[in-house]
file run-v3.cif (mmCIF, C-alpha atoms; chains and numbers go by the auth columns)
data_entry
loop_
_atom_site.group_PDB
_atom_site.id
_atom_site.type_symbol
_atom_site.label_atom_id
_atom_site.label_comp_id
_atom_site.label_asym_id
_atom_site.label_seq_id
_atom_site.Cartn_x
_atom_site.Cartn_y
_atom_site.Cartn_z
_atom_site.B_iso_or_equiv
_atom_site.auth_seq_id
_atom_site.auth_asym_id
ATOM 1 C CA MET A 1 11.905 -14.561 8.407 0.00 1 A
ATOM 2 C CA SER A 2 13.957 -11.388 8.779 0.00 2 A
ATOM 3 C CA LEU A 3 10.998 -9.351 10.051 0.00 3 A
ATOM 4 C CA GLN A 4 11.526 -9.842 13.791 0.00 4 A
ATOM 5 C CA ASN A 5 11.666 -6.414 15.505 0.00 5 A
ATOM 6 C CA LYS A 6 11.505 -4.546 12.192 0.00 6 A
ATOM 7 C CA VAL A 7 9.648 -1.228 12.307 0.00 7 A
ATOM 8 C CA VAL A 8 6.895 -1.048 9.709 0.00 8 A
ATOM 9 C CA LEU A 9 4.879 1.968 8.541 0.00 9 A
ATOM 10 C CA ILE A 10 1.518 1.195 6.918 0.00 10 A
ATOM 11 C CA THR A 11 -0.732 3.824 5.367 0.00 11 A
ATOM 12 C CA GLY A 12 -4.397 3.005 4.936 0.00 12 A
ATOM 13 C CA GLY A 13 -3.960 0.843 8.012 0.00 13 A
ATOM 14 C CA GLY A 14 -7.350 1.226 9.657 0.00 14 A
ATOM 15 C CA SER A 15 -9.168 -1.486 7.727 0.00 15 A
ATOM 16 C CA GLY A 16 -8.981 -3.921 4.824 0.00 16 A
ATOM 17 C CA ILE A 17 -5.567 -4.748 3.405 0.00 17 A
ATOM 18 C CA GLY A 18 -3.713 -2.351 5.702 0.00 18 A
ATOM 19 C CA ALA A 19 -5.220 -3.768 8.887 0.00 19 A
ATOM 20 C CA ASN A 20 -4.700 -7.361 7.755 0.00 20 A
ATOM 21 C CA THR A 21 -1.089 -6.662 6.856 0.00 21 A
ATOM 22 C CA ALA A 22 -0.479 -4.882 10.163 0.00 22 A
ATOM 23 C CA GLN A 23 -1.759 -7.928 12.030 0.00 23 A
ATOM 24 C CA ALA A 24 0.467 -10.231 9.997 0.00 24 A
ATOM 25 C CA PHE A 25 3.559 -8.127 10.673 0.00 25 A
ATOM 26 C CA ILE A 26 2.801 -8.152 14.410 0.00 26 A
ATOM 27 C CA GLN A 27 2.412 -11.926 14.317 0.00 27 A
ATOM 28 C CA VAL A 28 5.926 -12.348 12.932 0.00 28 A
ATOM 29 C CA GLY A 29 7.416 -10.063 15.565 0.00 29 A
ATOM 30 C CA ALA A 30 7.537 -6.650 13.902 0.00 30 A
ATOM 31 C CA LYS A 31 6.581 -3.262 15.341 0.00 31 A
ATOM 32 C CA VAL A 32 3.961 -1.310 13.411 0.00 32 A
ATOM 33 C CA VAL A 33 2.764 2.264 12.939 0.00 33 A
ATOM 34 C CA ILE A 34 -0.555 2.476 11.109 0.00 34 A
ATOM 35 C CA ASN A 35 -1.932 5.601 9.473 0.00 35 A
ATOM 36 C CA GLY A 36 -5.304 6.571 8.062 0.00 36 A
ATOM 37 C CA ARG A 37 -7.747 9.447 8.044 0.00 37 A
ATOM 38 C CA ARG A 38 -10.132 8.056 10.703 0.00 38 A
ATOM 39 C CA GLN A 39 -8.825 8.134 14.249 0.00 39 A
ATOM 40 C CA ASP A 40 -11.595 5.886 15.598 0.00 40 A
ATOM 41 C CA SER A 41 -10.849 3.171 13.037 0.00 41 A
ATOM 42 C CA LEU A 42 -7.111 3.279 13.716 0.00 42 A
ATOM 43 C CA LYS A 43 -7.583 3.157 17.458 0.00 43 A
ATOM 44 C CA SER A 44 -9.955 0.187 17.214 0.00 44 A
ATOM 45 C CA THR A 45 -7.719 -1.690 14.770 0.00 45 A
ATOM 46 C CA ALA A 46 -4.624 -1.163 16.918 0.00 46 A
ATOM 47 C CA ALA A 47 -6.443 -2.346 20.046 0.00 47 A
ATOM 48 C CA ASN A 48 -7.741 -5.466 18.292 0.00 48 A
ATOM 49 C CA ILE A 49 -4.316 -6.379 16.908 0.00 49 A
ATOM 50 C CA ASP A 50 -2.324 -5.745 20.081 0.00 50 A
ATOM 51 C CA PRO A 51 -4.339 -4.912 23.214 0.00 51 A
ATOM 52 C CA THR A 52 -1.104 -4.244 25.109 0.00 52 A
ATOM 53 C CA GLY A 53 -0.205 -1.394 22.769 0.00 53 A
ATOM 54 C CA LYS A 54 3.457 -2.338 23.009 0.00 54 A
ATOM 55 C CA ASN A 55 3.949 -3.316 19.388 0.00 55 A
ATOM 56 C CA ILE A 56 1.595 -1.028 17.478 0.00 56 A
ATOM 57 C CA THR A 57 0.702 2.636 17.444 0.00 57 A
ATOM 58 C CA TRP A 58 -1.151 4.934 15.060 0.00 58 A
ATOM 59 C CA VAL A 59 -1.137 8.393 13.509 0.00 59 A
ATOM 60 C CA ALA A 60 -4.350 9.842 12.099 0.00 60 A
ATOM 61 C CA GLY A 61 -4.332 12.217 9.138 0.00 61 A
ATOM 62 C CA ASP A 62 -4.031 12.733 5.398 0.00 62 A
ATOM 63 C CA ILE A 63 -0.617 11.715 4.026 0.00 63 A
ATOM 64 C CA GLY A 64 -1.034 14.441 1.429 0.00 64 A
ATOM 65 C CA LYS A 65 -0.138 16.857 4.246 0.00 65 A
ATOM 66 C CA ALA A 66 3.504 17.401 5.143 0.00 66 A
ATOM 67 C CA GLU A 67 2.879 17.570 8.878 0.00 67 A
ATOM 68 C CA VAL A 68 1.158 14.180 8.877 0.00 68 A
ATOM 69 C CA ARG A 69 4.020 12.542 6.983 0.00 69 A
ATOM 70 C CA GLN A 70 6.504 13.993 9.438 0.00 70 A
ATOM 71 C CA GLU A 71 4.466 12.780 12.400 0.00 71 A
ATOM 72 C CA ILE A 72 4.322 9.228 11.036 0.00 72 A
ATOM 73 C CA VAL A 73 8.102 8.988 10.756 0.00 73 A
ATOM 74 C CA ASP A 74 8.727 10.811 14.031 0.00 74 A
ATOM 75 C CA THR A 75 6.306 8.466 15.820 0.00 75 A
ATOM 76 C CA ALA A 76 8.076 5.384 14.443 0.00 76 A
ATOM 77 C CA ILE A 77 11.451 6.666 15.609 0.00 77 A
ATOM 78 C CA ALA A 78 10.194 7.760 19.034 0.00 78 A
ATOM 79 C CA SER A 79 8.140 4.623 19.686 0.00 79 A
ATOM 80 C CA PHE A 80 10.283 1.902 18.117 0.00 80 A
ATOM 81 C CA GLY A 81 13.661 3.381 17.223 0.00 81 A
ATOM 82 C CA GLY A 82 13.623 3.714 13.443 0.00 82 A
ATOM 83 C CA VAL A 83 12.007 2.849 10.121 0.00 83 A
ATOM 84 C CA ASP A 84 12.745 -0.433 8.347 0.00 84 A
ATOM 85 C CA ILE A 85 9.753 -1.016 6.073 0.00 85 A
ATOM 86 C CA LEU A 86 7.202 1.284 4.458 0.00 86 A
ATOM 87 C CA PHE A 87 3.992 -0.083 2.952 0.00 87 A
ATOM 88 C CA ASN A 88 2.331 2.692 0.935 0.00 88 A
ATOM 89 C CA ASN A 89 -1.154 1.207 0.947 0.00 89 A
ATOM 90 C CA ALA A 90 -3.627 4.099 1.311 0.00 90 A
ATOM 91 C CA GLY A 91 -5.975 4.151 -1.636 0.00 91 A
ATOM 92 C CA ILE A 92 -9.058 5.533 -3.315 0.00 92 A
ATOM 93 C CA PHE A 93 -10.691 4.018 -6.376 0.00 93 A
ATOM 94 C CA GLU A 94 -13.806 4.691 -8.402 0.00 94 A
ATOM 95 C CA PRO A 95 -14.317 3.640 -12.024 0.00 95 A
ATOM 96 C CA GLN A 96 -15.343 6.716 -13.957 0.00 96 A
ATOM 97 C CA ALA A 97 -15.561 7.685 -17.599 0.00 97 A
ATOM 98 C CA PHE A 98 -12.761 9.992 -18.729 0.00 98 A
ATOM 99 C CA LEU A 99 -15.149 12.720 -19.917 0.00 99 A
ATOM 100 C CA ASP A 100 -16.855 12.759 -16.514 0.00 100 A
ATOM 101 C CA HIS A 101 -13.701 13.474 -14.525 0.00 101 A
ATOM 102 C CA THR A 102 -13.323 16.835 -12.815 0.00 102 A
ATOM 103 C CA GLU A 103 -10.223 18.627 -11.594 0.00 103 A
ATOM 104 C CA SER A 104 -11.321 17.767 -8.058 0.00 104 A
ATOM 105 C CA ASP A 105 -11.437 14.041 -8.870 0.00 105 A
ATOM 106 C CA LEU A 106 -7.960 14.104 -10.340 0.00 106 A
ATOM 107 C CA GLU A 107 -6.614 16.167 -7.462 0.00 107 A
ATOM 108 C CA ASP A 108 -7.728 13.468 -4.998 0.00 108 A
ATOM 109 C CA TYR A 109 -5.621 10.892 -6.844 0.00 109 A
ATOM 110 C CA LEU A 110 -2.667 13.258 -7.192 0.00 110 A
ATOM 111 C CA ASN A 111 -2.873 14.139 -3.498 0.00 111 A
ATOM 112 C CA LEU A 112 -2.503 10.452 -2.687 0.00 112 A
ATOM 113 C CA LEU A 113 0.445 10.210 -5.088 0.00 113 A
ATOM 114 C CA ARG A 114 1.998 13.218 -3.354 0.00 114 A
ATOM 115 C CA GLY A 115 1.618 11.389 -0.047 0.00 115 A
ATOM 116 C CA TYR A 116 3.330 8.263 -1.380 0.00 116 A
ATOM 117 C CA PHE A 117 6.142 10.333 -2.896 0.00 117 A
ATOM 118 C CA PHE A 118 7.044 12.461 0.094 0.00 118 A
ATOM 119 C CA LEU A 119 6.382 9.896 2.832 0.00 119 A
ATOM 120 C CA THR A 120 8.748 7.588 0.964 0.00 120 A
ATOM 121 C CA GLN A 121 11.277 10.415 0.839 0.00 121 A
ATOM 122 C CA LYS A 122 11.165 10.789 4.611 0.00 122 A
ATOM 123 C CA ALA A 123 11.230 7.053 5.242 0.00 123 A
ATOM 124 C CA ILE A 124 14.189 6.458 2.932 0.00 124 A
ATOM 125 C CA ALA A 125 16.158 9.262 4.580 0.00 125 A
ATOM 126 C CA GLN A 126 15.821 7.345 7.855 0.00 126 A
ATOM 127 C CA MET A 127 16.545 3.982 6.198 0.00 127 A
ATOM 128 C CA GLN A 128 19.827 5.386 4.861 0.00 128 A
ATOM 129 C CA LYS A 129 20.920 6.031 8.443 0.00 129 A
ATOM 130 C CA GLN A 130 20.193 2.380 9.203 0.00 130 A
ATOM 131 C CA ASP A 131 21.949 1.051 6.065 0.00 131 A
ATOM 132 C CA SER A 132 18.965 -0.911 4.744 0.00 132 A
ATOM 133 C CA GLY A 133 15.226 -0.869 4.201 0.00 133 A
ATOM 134 C CA ALA A 134 12.286 -1.936 2.077 0.00 134 A
ATOM 135 C CA VAL A 135 9.476 0.032 0.468 0.00 135 A
ATOM 136 C CA ILE A 136 6.381 -1.654 -0.953 0.00 136 A
ATOM 137 C CA ASN A 137 4.005 0.524 -2.963 0.00 137 A
ATOM 138 C CA THR A 138 0.449 -0.315 -3.934 0.00 138 A
ATOM 139 C CA GLY A 139 0.019 0.156 -7.646 0.00 139 A
ATOM 140 C CA SER A 140 -2.798 -1.176 -9.793 0.00 140 A
ATOM 141 C CA MET A 141 -3.513 -3.811 -12.403 0.00 141 A
ATOM 142 C CA TRP A 142 -5.530 -1.174 -14.279 0.00 142 A
ATOM 143 C CA SER A 143 -2.416 0.963 -14.816 0.00 143 A
ATOM 144 C CA SER A 144 -0.873 -1.692 -17.043 0.00 144 A
ATOM 145 C CA HIS A 145 -4.000 -3.464 -18.306 0.00 145 A
ATOM 146 C CA ALA A 146 -6.966 -1.219 -19.118 0.00 146 A
ATOM 147 C CA ILE A 147 -10.418 -2.804 -18.861 0.00 147 A
ATOM 148 C CA ALA A 148 -13.250 -1.405 -20.985 0.00 148 A
ATOM 149 C CA ALA A 149 -15.927 -2.273 -18.421 0.00 149 A
ATOM 150 C CA THR A 150 -14.162 -0.345 -15.655 0.00 150 A
ATOM 151 C CA PRO A 151 -12.733 2.919 -17.068 0.00 151 A
ATOM 152 C CA CYS A 152 -10.500 4.544 -14.460 0.00 152 A
ATOM 153 C CA SER A 153 -8.130 6.951 -16.174 0.00 153 A
ATOM 154 C CA GLY A 154 -7.743 9.151 -13.081 0.00 154 A
ATOM 155 C CA SER A 155 -6.726 6.358 -10.764 0.00 155 A
ATOM 156 C CA SER A 156 -4.616 4.643 -13.418 0.00 156 A
ATOM 157 C CA THR A 157 -2.708 7.838 -14.195 0.00 157 A
ATOM 158 C CA ALA A 158 -1.688 8.208 -10.549 0.00 158 A
ATOM 159 C CA LYS A 159 -0.941 4.514 -10.060 0.00 159 A
ATOM 160 C CA GLY A 160 1.101 4.445 -13.275 0.00 160 A
ATOM 161 C CA ALA A 161 3.214 7.141 -11.661 0.00 161 A
ATOM 162 C CA VAL A 162 3.590 4.889 -8.600 0.00 162 A
ATOM 163 C CA HIS A 163 4.921 2.125 -10.860 0.00 163 A
ATOM 164 C CA ALA A 164 7.443 4.543 -12.396 0.00 164 A
ATOM 165 C CA LEU A 165 8.445 5.868 -8.975 0.00 165 A
ATOM 166 C CA THR A 166 9.045 2.313 -7.789 0.00 166 A
ATOM 167 C CA ARG A 167 11.518 1.524 -10.571 0.00 167 A
ATOM 168 C CA ASN A 168 13.348 4.841 -10.291 0.00 168 A
ATOM 169 C CA LEU A 169 13.812 4.585 -6.536 0.00 169 A
ATOM 170 C CA ALA A 170 14.917 0.962 -6.813 0.00 170 A
ATOM 171 C CA ILE A 171 17.853 2.007 -8.974 0.00 171 A
ATOM 172 C CA GLU A 172 18.691 5.163 -7.064 0.00 172 A
ATOM 173 C CA PHE A 173 18.808 3.494 -3.655 0.00 173 A
ATOM 174 C CA ALA A 174 20.132 0.038 -4.489 0.00 174 A
ATOM 175 C CA PRO A 175 23.631 1.138 -3.347 0.00 175 A
ATOM 176 C CA ASP A 176 22.095 1.894 0.070 0.00 176 A
ATOM 177 C CA LYS A 177 20.628 -1.628 0.285 0.00 177 A
ATOM 178 C CA ILE A 178 17.132 -0.151 0.182 0.00 178 A
ATOM 179 C CA ARG A 179 14.785 -2.228 -1.966 0.00 179 A
ATOM 180 C CA VAL A 180 11.701 -0.689 -3.572 0.00 180 A
ATOM 181 C CA ASN A 181 8.958 -2.843 -5.084 0.00 181 A
ATOM 182 C CA ALA A 182 5.246 -2.580 -5.813 0.00 182 A
ATOM 183 C CA ILE A 183 2.219 -4.803 -6.037 0.00 183 A
ATOM 184 C CA ALA A 184 -0.465 -4.394 -8.694 0.00 184 A
ATOM 185 C CA PRO A 185 -3.753 -5.905 -7.477 0.00 185 A
ATOM 186 C CA ALA A 186 -6.903 -6.571 -9.475 0.00 186 A
ATOM 187 C CA VAL A 187 -10.269 -6.775 -7.661 0.00 187 A
ATOM 188 C CA VAL A 188 -9.676 -7.422 -3.962 0.00 188 A
ATOM 189 C CA GLU A 189 -12.643 -7.660 -1.611 0.00 189 A
ATOM 190 C CA THR A 190 -12.061 -4.809 0.839 0.00 190 A
ATOM 191 C CA PRO A 191 -14.159 -1.966 2.303 0.00 191 A
ATOM 192 C CA LEU A 192 -12.922 0.142 -0.646 0.00 192 A
ATOM 193 C CA PHE A 193 -15.708 -1.383 -2.734 0.00 193 A
ATOM 194 C CA ASP A 194 -18.489 -1.072 -0.133 0.00 194 A
ATOM 195 C CA SER A 195 -19.773 2.223 -1.510 0.00 195 A
ATOM 196 C CA LEU A 196 -19.322 1.198 -5.148 0.00 196 A
ATOM 197 C CA LEU A 197 -20.809 -2.281 -5.477 0.00 197 A
ATOM 198 C CA THR A 198 -23.422 -4.480 -3.845 0.00 198 A
ATOM 199 C CA PRO A 199 -22.160 -7.862 -2.605 0.00 199 A
ATOM 200 C CA GLU A 200 -23.794 -9.460 -5.655 0.00 200 A
ATOM 201 C CA GLN A 201 -22.075 -7.039 -8.041 0.00 201 A
ATOM 202 C CA LEU A 202 -18.732 -7.640 -6.356 0.00 202 A
ATOM 203 C CA ALA A 203 -19.217 -11.403 -6.624 0.00 203 A
ATOM 204 C CA SER A 204 -19.825 -11.038 -10.348 0.00 204 A
ATOM 205 C CA PHE A 205 -16.140 -10.130 -10.754 0.00 205 A
ATOM 206 C CA ASN A 206 -15.028 -13.598 -9.631 0.00 206 A
ATOM 207 C CA SER A 207 -15.117 -14.833 -13.222 0.00 207 A
ATOM 208 C CA PHE A 208 -13.113 -11.806 -14.384 0.00 208 A
ATOM 209 C CA HIS A 209 -10.036 -13.414 -12.821 0.00 209 A
ATOM 210 C CA PRO A 210 -8.631 -16.499 -14.595 0.00 210 A
ATOM 211 C CA LEU A 211 -8.176 -18.208 -11.223 0.00 211 A
ATOM 212 C CA GLY A 212 -11.923 -17.900 -10.708 0.00 212 A
ATOM 213 C CA ARG A 213 -12.208 -15.683 -7.653 0.00 213 A
ATOM 214 C CA ASN A 214 -11.728 -12.160 -6.409 0.00 214 A
ATOM 215 C CA GLY A 215 -8.686 -11.415 -4.312 0.00 215 A
ATOM 216 C CA GLN A 216 -8.832 -11.441 -0.525 0.00 216 A
ATOM 217 C CA THR A 217 -6.829 -9.312 1.878 0.00 217 A
ATOM 218 C CA LYS A 218 -4.664 -12.317 2.768 0.00 218 A
ATOM 219 C CA ASP A 219 -3.547 -12.614 -0.875 0.00 219 A
ATOM 220 C CA ILE A 220 -2.098 -9.112 -0.741 0.00 220 A
ATOM 221 C CA THR A 221 -0.680 -9.521 2.753 0.00 221 A
ATOM 222 C CA GLU A 222 1.338 -12.572 1.751 0.00 222 A
ATOM 223 C CA ALA A 223 2.842 -10.697 -1.215 0.00 223 A
ATOM 224 C CA VAL A 224 3.736 -7.711 0.980 0.00 224 A
ATOM 225 C CA LEU A 225 5.407 -9.865 3.636 0.00 225 A
ATOM 226 C CA PHE A 226 7.405 -11.624 0.934 0.00 226 A
ATOM 227 C CA LEU A 227 8.661 -8.340 -0.553 0.00 227 A
ATOM 228 C CA ALA A 228 9.406 -6.900 2.888 0.00 228 A
ATOM 229 C CA ASP A 229 11.444 -9.895 4.056 0.00 229 A
ATOM 230 C CA SER A 230 15.072 -9.641 2.930 0.00 230 A
ATOM 231 C CA ASP A 231 15.637 -13.340 3.666 0.00 231 A
ATOM 232 C CA ARG A 232 12.990 -14.264 1.096 0.00 232 A
ATOM 233 C CA SER A 233 13.236 -11.459 -1.469 0.00 233 A
ATOM 234 C CA GLY A 234 16.590 -9.835 -0.810 0.00 234 A
ATOM 235 C CA TRP A 235 17.616 -10.015 -4.479 0.00 235 A
ATOM 236 C CA ILE A 236 14.397 -8.445 -5.758 0.00 236 A
ATOM 237 C CA THR A 237 13.995 -4.721 -6.344 0.00 237 A
ATOM 238 C CA GLY A 238 12.253 -2.539 -8.905 0.00 238 A
ATOM 239 C CA VAL A 239 9.507 -5.097 -9.503 0.00 239 A
ATOM 240 C CA VAL A 240 5.817 -4.317 -10.020 0.00 240 A
ATOM 241 C CA LEU A 241 4.320 -7.644 -9.000 0.00 241 A
ATOM 242 C CA PRO A 242 0.866 -8.499 -10.378 0.00 242 A
ATOM 243 C CA VAL A 243 -1.272 -9.957 -7.602 0.00 243 A
ATOM 244 C CA ASP A 244 -4.324 -10.258 -9.778 0.00 244 A
ATOM 245 C CA GLY A 245 -5.601 -13.801 -10.118 0.00 245 A
ATOM 246 C CA GLY A 246 -4.013 -14.046 -13.555 0.00 246 A
ATOM 247 C CA VAL A 247 -5.714 -11.054 -15.199 0.00 247 A
ATOM 248 C CA THR A 248 -2.577 -9.626 -16.777 0.00 248 A
ATOM 249 C CA ALA A 249 -1.300 -13.013 -17.972 0.00 249 A
ATOM 250 C CA GLY A 250 -3.551 -12.781 -21.019 0.00 250 A
ATOM 251 C CA ARG A 251 -7.103 -12.448 -22.226 0.00 251 A
ATOM 252 C CA ASN A 252 -9.584 -14.525 -20.233 0.00 252 A
#
call {"tool": "encode", "arguments": {"input": "run-v3.cif", "output": "structure tokens"}}
result
Amino acid sequence: MSLQNKVVLITGGGSGIGANTAQAFIQVGAKVVINGRRQDSLKSTAANIDPTGKNITWVAGDIGKAEVRQEIVDTAIASFGGVDILFNNAGIFEPQAFLDHTESDLEDYLNLLRGYFFLTQKAIAQMQKQDSGAVINTGSMWSSHAIAATPCSGSSTAKGAVHALTRNLAIEFAPDKIRVNAIAPAVVETPLFDSLLTPEQLASFNSFHPLGRNGQTKDITEAVLFLADSDRSGWITGVVLPVDGGVTAGRN
């Protein structure tokens, strides 16, 4: 792997996919900065992953705010010497009928999009100084494959923009050897669903996926490590990779 000593920024890093991915990056020798809104969760996750604190640190705050984005990048540079990989993973999701959406609902999704957009801007500016880099964005299966049972126009609008941003940045920064890709998950069992579904309701989605089960955090982590590793995916950029148990392959 080409991830040894790489400096990785992970938003939404306090739990679920972000925490699992942070642990995996540490295990292959990378240095990690995790971000999220909850300081207690970040602190606990960092301590569990690396009790020494030598290879991981954290920045609490909303990436929709400019000062938080700046602090994330500044912390990576001060603690580990640069920025090599950005995993835009922070997320919110709630199926909701279009006619029930409010301006506040939509603003939450657009605030997250704003965070992805401008944190990526700051990270890429540093990657240019280092002559290489990789960005992995979290998109959504729902943005390319609407499901009647789970209407989510607000989330899908913002994640569709993430897909478009991914392709545009891939072309713009290919000359700088900065690769930009995205993943598009279906239902992945993470704390994101804790307030939305009972365990029984979540389990009912297993059959929704042609492969017969919901996604697990490890499924996403493996895809992210692949896209981050230039030895394994160095000729891949501008891709929105479905990691969805086969949902978008066709009607199940």
call {"tool": "closest_residue", "arguments": {"input": "run-v3.cif", "among": "A:Val180, A:Leu86, A:Val8, A:Cys152", "to": "Phe25 in chain A", "atoms": "only C-alpha atoms"}}
result
A:Val8
call {"tool": "closest_residue", "arguments": {"input": "run-v3.cif", "among": "A:Ala186, A:Ala46, A:Met141, A:Val240", "to": "Thr157 in chain A", "atoms": "all atoms listed in the file"}}
result
A:Met141
call {"tool": "closest_atom_pairs", "arguments": {"input": "run-v3.cif", "of": "range 122-217 of chain A", "to": "range 98-103 of chain A", "cutoff": "10 Å", "atoms": "all atoms listed in the file", "output": "JSON lines"}}
result
{"residue": "A:Pro151", "atom": "CA", "partner": "A:Phe98", "partner_atom": "CA", "distance": 7.3}
{"residue": "A:Cys152", "atom": "CA", "partner": "A:Phe98", "partner_atom": "CA", "distance": 7.3}
{"residue": "A:Ser153", "atom": "CA", "partner": "A:Phe98", "partner_atom": "CA", "distance": 6.1}
{"residue": "A:Gly154", "atom": "CA", "partner": "A:His101", "partner_atom": "CA", "distance": 7.5}
call {"tool": "closest_residue", "arguments": {"input": "run-v3.cif", "among": "A:Ala161, A:Ala134, A:Leu227, A:Leu202", "to": "Gly215 in chain A", "atoms": "only C-alpha atoms"}}
result
A:Leu202
call {"tool": "residues_near_point", "arguments": {"input": "run-v3.cif", "point": "(1.1, 1.0, -5.9)", "cutoff": "6 Å", "atoms": "only C-alpha atoms", "output": "ChimeraX atom specification"}}
result
/A:137-140,159,162,182-183
call {"tool": "closest_residue", "arguments": {"input": "run-v3.cif", "among": "A:Val28, A:Glu172, A:Phe208, A:Ser155", "to": "Leu110 in chain A", "atoms": "all atoms listed in the file"}}
result
A:Ser155
call {"tool": "resolve_selection", "arguments": {"input": "run-v3.cif", "expression": "the PyMOL selection byres ((chain A and resi 29-40) around 6)", "output": "PyMOL selection string"}}
result
chain A and resi 3-14+25-28+41-43+55-62
call {"tool": "closest_residue", "arguments": {"input": "run-v3.cif", "among": "A:Gln70, A:Lys65, A:Ala22, A:Leu211", "to": "Ala47 in chain A", "atoms": "only C-alpha atoms"}}
result
A:Ala22
call {"tool": "residues_near_point", "arguments": {"input": "run-v3.cif", "point": "(-2.8, 5.4, -1.6)", "cutoff": "8 Å", "atoms": "only C-alpha atoms", "output": "PDB file with C-alpha atoms, keeping the file's coordinate frame"}}
result
ATOM      1  CA  THR A  11      -0.732   3.824   5.367  1.00  0.00           C
ATOM      2  CA  GLY A  12      -4.397   3.005   4.936  1.00  0.00           C
ATOM      3  CA  ASN A  88       2.331   2.692   0.935  1.00  0.00           C
ATOM      4  CA  ASN A  89      -1.154   1.207   0.947  1.00  0.00           C
ATOM      5  CA  ALA A  90      -3.627   4.099   1.311  1.00  0.00           C
ATOM      6  CA  GLY A  91      -5.975   4.151  -1.636  1.00  0.00           C
ATOM      7  CA  ILE A  92      -9.058   5.533  -3.315  1.00  0.00           C
ATOM      8  CA  LEU A 112      -2.503  10.452  -2.687  1.00  0.00           C
ATOM      9  CA  LEU A 113       0.445  10.210  -5.088  1.00  0.00           C
ATOM     10  CA  GLY A 115       1.618  11.389  -0.047  1.00  0.00           C
ATOM     11  CA  TYR A 116       3.330   8.263  -1.380  1.00  0.00           C
ATOM     12  CA  THR A 138       0.449  -0.315  -3.934  1.00  0.00           C
TER      13      THR A 138
END
call {"tool": "resolve_selection", "arguments": {"input": "run-v3.cif", "expression": "the PyMOL selection byres ((chain A and resi 221-226) around 10)", "output": "PyMOL selection string"}}
result
chain A and resi 1+3+17-25+28+87+135-138+181-183+216-220+227-234+241-243
call {"tool": "atom_distance", "arguments": {"input": "run-v3.cif", "atom1": "CA of Ile85 in chain A", "atom2": "CA of Gln126 in chain A"}}
result
10.5 Å
call {"tool": "resolve_selection", "arguments": {"input": "run-v3.cif", "expression": "the PyMOL selection byres ((chain A and resi 95) around 8)", "output": "number ranges by chain"}}
result
A: 93-94, 96-97, 150-152
call {"tool": "atom_distance", "arguments": {"input": "run-v3.cif", "atom1": "CA of Asp176 in chain A", "atom2": "CA of Thr237 in chain A"}}
result
12.3 Å
call {"tool": "atom_distance", "arguments": {"input": "run-v3.cif", "atom1": "CA of Ile63 in chain A", "atom2": "CA of Leu119 in chain A"}}
result
7.3 Å
call {"tool": "build_atoms", "arguments": {"input": "run-v3.cif", "residues": "range 99-111 of chain A", "atoms": "N, CA and C atoms", "output": "JSON list (two decimals), in the frame of the given file"}}
result
[["chain", "number", "residue", "atom", "x", "y", "z"],
["A", 99, "LEU", "N", -14.49, 11.44, -19.66],
["A", 99, "LEU", "CA", -15.15, 12.72, -19.92],
["A", 99, "LEU", "C", -15.95, 13.21, -18.71],
["A", 100, "ASP", "N", -16.13, 12.36, -17.73],
["A", 100, "ASP", "CA", -16.86, 12.76, -16.51],
["A", 100, "ASP", "C", -15.93, 13.23, -15.40],
["A", 101, "HIS", "N", -14.64, 13.06, -15.58],
["A", 101, "HIS", "CA", -13.70, 13.47, -14.52],
["A", 101, "HIS", "C", -13.69, 14.99, -14.36],
["A", 102, "THR", "N", -13.48, 15.42, -13.12],
["A", 102, "THR", "CA", -13.32, 16.84, -12.82],
["A", 102, "THR", "C", -11.92, 17.07, -12.27],
["A", 103, "GLU", "N", -11.53, 18.32, -12.17],
["A", 103, "GLU", "CA", -10.22, 18.63, -11.59],
["A", 103, "GLU", "C", -10.15, 18.16, -10.14],
["A", 104, "SER", "N", -11.29, 18.22, -9.45],
["A", 104, "SER", "CA", -11.32, 17.77, -8.06],
["A", 104, "SER", "C", -11.06, 16.27, -7.96],
["A", 105, "ASP", "N", -11.68, 15.49, -8.86],
["A", 105, "ASP", "CA", -11.44, 14.04, -8.87],
["A", 105, "ASP", "C", -9.95, 13.74, -9.04],
["A", 106, "LEU", "N", -9.37, 14.37, -10.04],
["A", 106, "LEU", "CA", -7.96, 14.10, -10.34],
["A", 106, "LEU", "C", -7.07, 14.55, -9.19],
["A", 107, "GLU", "N", -7.42, 15.67, -8.57],
["A", 107, "GLU", "CA", -6.61, 16.17, -7.46],
["A", 107, "GLU", "C", -6.60, 15.18, -6.30],
["A", 108, "ASP", "N", -7.71, 14.47, -6.07],
["A", 108, "ASP", "CA", -7.73, 13.47, -5.00],
["A", 108, "ASP", "C", -6.69, 12.38, -5.26],
["A", 109, "TYR", "N", -6.61, 11.92, -6.50],
["A", 109, "TYR", "CA", -5.62, 10.89, -6.84],
["A", 109, "TYR", "C", -4.20, 11.44, -6.76],
["A", 110, "LEU", "N", -4.01, 12.66, -7.23],
["A", 110, "LEU", "CA", -2.67, 13.26, -7.19],
["A", 110, "LEU", "C", -2.24, 13.58, -5.77],
["A", 111, "ASN", "N", -3.19, 13.92, -4.91],
["A", 111, "ASN", "CA", -2.87, 14.14, -3.50],
["A", 111, "ASN", "C", -2.35, 12.87, -2.86]]
